[in-house]
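Input: a single structure, listed below in structure tokens.
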Amino acid sequence: MKHILIFLLVFLHIQLAAKTDKYRLTLRDNPAHSIVIGWNQVSGDNPVVFYDTVDHGSSEDGYANMAVPNRSVEFAEMDNRFVRLNDLTPNTSYYFIITDSDSKSKRYWFKTAPDGPDARYSFIAGGDSRNNPEPRRNANLLVSKLKPHAVLFGGDMTVRGSAKQWEAWLDDWQLTISEDGRMYPLIPARGNHEKNNEMVYHLFDVPSEEIYYAITIGDDLIRAYTLNTEISIAGEQSAWLKNDLESHSNTRWKIAQYHKPIRPHVSTKPEKNTQYAEWAQLFYEQKVRLVVECDAHTVKTTWPVKPSTGKESDEGFMRVQQDGTVYVGEGCWGAPLRESDDPKSWTRDHGMFNQFKWIFIDNEKIEVRTVKVDNAPDVASVPNDDPFSIPANIDIWEPENGAVVTIIAD
Ligand SMILES: [Fe+2]
């Protein structure tokens, strides 16, 4: 009798346990029209995503559309499945469940980005989440409350990229899901703690196996570049960057993210002179107005700068009034903090605390705020239809030169 009871309890537990987990949304293309739904298939066969612009809860019969994985890859001891959805309607809520022969997920949802000339976008940008679970989880929790159109993540997710560490990272990522099941897409870059490109390609299904790519957001309002500082900078990568920038001269805003800063604000970190030579002038000439850097685990914003070796320059850049590139960073999503002991004449403000950047972009301007993440549990949520409101208790950094870095269109 006792054995039967134990068997029944174990059986019941298996039935109740999720057969899919570690859910993540990523982007291969314009988030106004597409998204990638990724997860770990724990057990069961024939997974299907049922989705619709109408919420049918957990009843798969109601959903108007279904999709099966476009890609399956065993990696980091997980069975990673990716469904790539295209031809979606902008600024629209999509509800979905994942079913298989064993189980049915909770109902999740996402909202496609808006498009059109009056659209405005919210992004969170940061990186370096290795080591310390508490700030990592706080930053993740704040994603669920600030509800951005996308999260730009600049690498160094884990310490060594072991299966155990990636599983823990993806479990922690579930904290970015809002209480009502809403999810937000990632745009990941590779850091030096990702030992190979496969870690990013196989876990996030990004559109480039070399982990450098660009995503248009809205109607040519934004082109967001993700670059890879862990492979050759010169050669193919920079040639691609130059060509892509030149062929998108009509895009209103160009922004970039990558892991290692050209001029880190921590003195023990090396200057990245190849990146300076290959990218800084290109950013300036091609009007890349905002660059997010990571890796040093400190806090900085700069004034708009251009490459220069003249009398007024400092480490190869000088401050300009117009048309410059603003560099922000440098990755404090849970990695050990370092003092910003290497500021430049063109540094706007710098500090040392757990943080990410909160970025609003529309046709007129870019606004960048630095959000301290330690009080995340006390912060209110923004409404689903207004990600630009400032929620109660949010701890926005207010340094000497002001809380908001504003970049005005030419
Ligand atoms: Fe790093």
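Each chain of the structure tokens is named A, B, ... in the order shown, its residues numbered from 1; ligands are numbered from 1 in display order.
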List as JSON lines every residue of chain A that is in contact with ligand 1, defined as an atom at most 9 Å from one of its atoms (using only C-alpha atoms and all ligand atoms), together with the nearest atom pair and the distance in Å rounded to one decimal, sorted by chain and then rising number.
```
{"residue": "A:Asp128", "atom": "CA", "partner": "ligand 1", "partner_atom_place_in_ligand_line": "1 (Fe)", "distance": 6.8}
{"residue": "A:Gly155", "atom": "CA", "partner": "ligand 1", "partner_atom_place_in_ligand_line": "1 (Fe)", "distance": 7.2}
{"residue": "A:Asp156", "atom": "CA", "partner": "ligand 1", "partner_atom_place_in_ligand_line": "1 (Fe)", "distance": 5.6}
{"residue": "A:Gly191", "atom": "CA", "partner": "ligand 1", "partner_atom_place_in_ligand_line": "1 (Fe)", "distance": 5.4}
{"residue": "A:Asn192", "atom": "CA", "partner": "ligand 1", "partner_atom_place_in_ligand_line": "1 (Fe)", "distance": 5.0}
{"residue": "A:His193", "atom": "CA", "partner": "ligand 1", "partner_atom_place_in_ligand_line": "1 (Fe)", "distance": 6.1}
{"residue": "A:Glu194", "atom": "CA", "partner": "ligand 1", "partner_atom_place_in_ligand_line": "1 (Fe)", "distance": 8.9}
{"residue": "A:His259", "atom": "CA", "partner": "ligand 1", "partner_atom_place_in_ligand_line": "1 (Fe)", "distance": 6.5}
{"residue": "A:Lys260", "atom": "CA", "partner": "ligand 1", "partner_atom_place_in_ligand_line": "1 (Fe)", "distance": 6.5}
{"residue": "A:Cys294", "atom": "CA", "partner": "ligand 1", "partner_atom_place_in_ligand_line": "1 (Fe)", "distance": 7.0}
{"residue": "A:Asp295", "atom": "CA", "partner": "ligand 1", "partner_atom_place_in_ligand_line": "1 (Fe)", "distance": 3.8}
{"residue": "A:Ala296", "atom": "CA", "partner": "ligand 1", "partner_atom_place_in_ligand_line": "1 (Fe)", "distance": 6.7}
{"residue": "A:His297", "atom": "CA", "partner": "ligand 1", "partner_atom_place_in_ligand_line": "1 (Fe)", "distance": 8.3}
{"residue": "A:Gly331", "atom": "CA", "partner": "ligand 1", "partner_atom_place_in_ligand_line": "1 (Fe)", "distance": 8.6}
```
### Task
Rank A:Met66, A:Ile35, A:Ile217, A:Ile262 by their smallest atom-to-atom distance to Ile361 in chain A, using only C-alpha atoms, and report the top residue only.
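Under the stated criterion, the closest residue is A:Ile217.
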### Task
Run DSSP on the backbone of this structure and report the residues of range 155-389 of chain A it assigns to strand (DSSP E or B), as an MDAnalysis selection string.
chainID A and resid 182 185:188 213:217 222:226 253:257 288:292 299:302 305:307 314 317:319 325:329 332 347:351 355:361 365:372
### Query
Hey, can you check how far CA of Asp87 in chain A sits from CA of Val143 in chain A?
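So the answer is 25.8 Å.
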### Message
For a test of reading the model, state the distance in Å between CA of Phe75 in chain A and CA of Lys195 in chain A, rounded to one decimal.
### Response
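We find that CA of Phe75 in chain A and CA of Lys195 in chain A lie 13.5 Å from each other.
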Show me a table, sorted first by chain and then by increasing residue number, of the residues of range 171-270 of chain A having an atom at most 10 Å from range 94-109 of chain A, each with its shortest atom pair and the distance in Å to one decimal, counting only C-alpha atoms and written as a tab-separated table.
```
residue	atom	partner	partner_atom	distance
A:Ile177	CA	A:Tyr108	CA	8.6
A:Ser178	CA	A:Tyr108	CA	9.4
A:Asp180	CA	A:Tyr108	CA	7.8
A:Gly181	CA	A:Tyr108	CA	4.6
A:Arg182	CA	A:Trp109	CA	4.7
A:Met183	CA	A:Trp109	CA	6.1
A:Tyr184	CA	A:Trp109	CA	9.0
```
### Message
Can you tell me which residues surround range 339-352 of chain A at a distance of at most 7 Å, considering only C-alpha atoms, apart from same-chain residues fewer than 3 positions away, and format the answer as a list in words?
### Response
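Once the nearby chain positions are removed, what remains is His265, Val266, Ser267, Thr298, Val299, Lys300, Thr301, Thr302, Trp303, Asp314, Met318, Arg319, Pro399 and Asn401 of chain A.
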With N, CA and C atoms retained, export the selected residues as a PDB file, in the first residue's frame.
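Final file, part_31.pdb:
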```
ATOM      1  N   HIS A 265      36.640  52.842 -18.045  1.00  0.00           N
ATOM      2  CA  HIS A 265      36.801  53.806 -16.957  1.00  0.00           C
ATOM      3  C   HIS A 265      37.340  53.152 -15.686  1.00  0.00           C
ATOM      4  N   VAL A 266      37.921  51.968 -15.852  1.00  0.00           N
ATOM      5  CA  VAL A 266      38.629  51.276 -14.765  1.00  0.00           C
ATOM      6  C   VAL A 266      40.075  51.124 -15.234  1.00  0.00           C
ATOM      7  N   SER A 267      41.034  51.619 -14.438  1.00  0.00           N
ATOM      8  CA  SER A 267      42.418  51.745 -14.916  1.00  0.00           C
ATOM      9  C   SER A 267      43.092  50.400 -15.193  1.00  0.00           C
ATOM     10  N   THR A 298      31.628  49.059 -13.947  1.00  0.00           N
ATOM     11  CA  THR A 298      31.575  50.369 -13.316  1.00  0.00           C
ATOM     12  C   THR A 298      30.535  51.213 -14.051  1.00  0.00           C
ATOM     13  N   VAL A 299      30.392  52.471 -13.657  1.00  0.00           N
ATOM     14  CA  VAL A 299      29.321  53.302 -14.203  1.00  0.00           C
ATOM     15  C   VAL A 299      29.917  54.528 -14.886  1.00  0.00           C
ATOM     16  N   LYS A 300      29.491  54.786 -16.115  1.00  0.00           N
ATOM     17  CA  LYS A 300      29.920  56.008 -16.794  1.00  0.00           C
ATOM     18  C   LYS A 300      28.866  56.471 -17.788  1.00  0.00           C
ATOM     19  N   THR A 301      28.842  57.796 -17.994  1.00  0.00           N
ATOM     20  CA  THR A 301      28.230  58.383 -19.186  1.00  0.00           C
ATOM     21  C   THR A 301      29.247  59.385 -19.703  1.00  0.00           C
ATOM     22  N   THR A 302      29.268  59.570 -21.019  1.00  0.00           N
ATOM     23  CA  THR A 302      30.187  60.581 -21.559  1.00  0.00           C
ATOM     24  C   THR A 302      29.394  61.703 -22.205  1.00  0.00           C
ATOM     25  N   TRP A 303      30.067  62.823 -22.449  1.00  0.00           N
ATOM     26  CA  TRP A 303      29.537  63.860 -23.316  1.00  0.00           C
ATOM     27  C   TRP A 303      29.624  63.344 -24.757  1.00  0.00           C
ATOM     28  N   ASP A 314      41.725  63.700 -25.206  1.00  0.00           N
ATOM     29  CA  ASP A 314      42.154  62.889 -24.071  1.00  0.00           C
ATOM     30  C   ASP A 314      41.955  61.435 -24.492  1.00  0.00           C
ATOM     31  N   MET A 318      37.685  63.857 -28.194  1.00  0.00           N
ATOM     32  CA  MET A 318      37.411  65.174 -27.620  1.00  0.00           C
ATOM     33  C   MET A 318      35.908  65.423 -27.588  1.00  0.00           C
ATOM     34  N   ARG A 319      35.516  66.227 -26.616  1.00  0.00           N
ATOM     35  CA  ARG A 319      34.097  66.564 -26.479  1.00  0.00           C
ATOM     36  C   ARG A 319      33.684  67.505 -27.606  1.00  0.00           C
ATOM     37  N   PRO A 399      23.420  62.260 -10.897  1.00  0.00           N
ATOM     38  CA  PRO A 399      24.774  62.775 -10.717  1.00  0.00           C
ATOM     39  C   PRO A 399      24.831  64.281 -10.961  1.00  0.00           C
ATOM     40  N   ASN A 401      25.837  66.199 -13.302  1.00  0.00           N
ATOM     41  CA  ASN A 401      25.442  66.786 -14.587  1.00  0.00           C
ATOM     42  C   ASN A 401      24.030  66.417 -15.031  1.00  0.00           C
TER      43      ASN A 401
END
```
Running DSSP on the backbone, which parts of range 153-245 of chain A land in helix (DSSP H, G or I), as an mmCIF file with C-alpha atoms, in the first residue's frame?
```cif
data_model
loop_
_atom_site.group_PDB
_atom_site.id
_atom_site.type_symbol
_atom_site.label_atom_id
_atom_site.label_comp_id
_atom_site.auth_asym_id
_atom_site.auth_seq_id
_atom_site.Cartn_x
_atom_site.Cartn_y
_atom_site.Cartn_z
ATOM 1 C CA ALA A 163 25.584 24.017 -18.078
ATOM 2 C CA LYS A 164 24.758 24.587 -14.420
ATOM 3 C CA GLN A 165 25.513 28.306 -14.670
ATOM 4 C CA TRP A 166 23.469 28.769 -17.858
ATOM 5 C CA GLU A 167 20.545 26.880 -16.342
ATOM 6 C CA ALA A 168 20.703 29.141 -13.270
ATOM 7 C CA TRP A 169 20.946 32.214 -15.503
ATOM 8 C CA LEU A 170 17.889 31.218 -17.523
ATOM 9 C CA ASP A 171 15.986 30.370 -14.323
ATOM 10 C CA ASP A 172 16.816 33.850 -13.011
ATOM 11 C CA TRP A 173 15.723 35.321 -16.357
ATOM 12 C CA GLN A 174 12.188 34.123 -15.555
ATOM 13 C CA LEU A 175 12.080 37.041 -13.076
ATOM 14 C CA THR A 176 11.901 39.377 -16.104
ATOM 15 C CA ASN A 197 30.016 32.116 -30.236
ATOM 16 C CA GLU A 198 27.872 28.989 -29.887
ATOM 17 C CA MET A 199 26.888 29.940 -26.344
ATOM 18 C CA VAL A 200 25.017 32.962 -27.674
ATOM 19 C CA TYR A 201 23.871 31.416 -30.956
ATOM 20 C CA HIS A 202 22.538 28.179 -29.441
ATOM 21 C CA LEU A 203 20.856 29.687 -26.393
ATOM 22 C CA PHE A 204 19.323 32.808 -27.974
ATOM 23 C CA GLU A 236 35.066 40.898 -42.006
ATOM 24 C CA GLN A 237 33.285 42.270 -38.951
ATOM 25 C CA SER A 238 34.291 45.900 -39.458
ATOM 26 C CA ALA A 239 33.774 45.643 -43.236
ATOM 27 C CA TRP A 240 30.249 44.399 -42.584
ATOM 28 C CA LEU A 241 29.653 47.217 -40.084
ATOM 29 C CA LYS A 242 30.847 49.893 -42.506
ATOM 30 C CA ASN A 243 28.749 48.514 -45.326
ATOM 31 C CA ASP A 244 25.629 48.185 -43.179
ATOM 32 C CA LEU A 245 25.968 51.694 -41.743
#
```
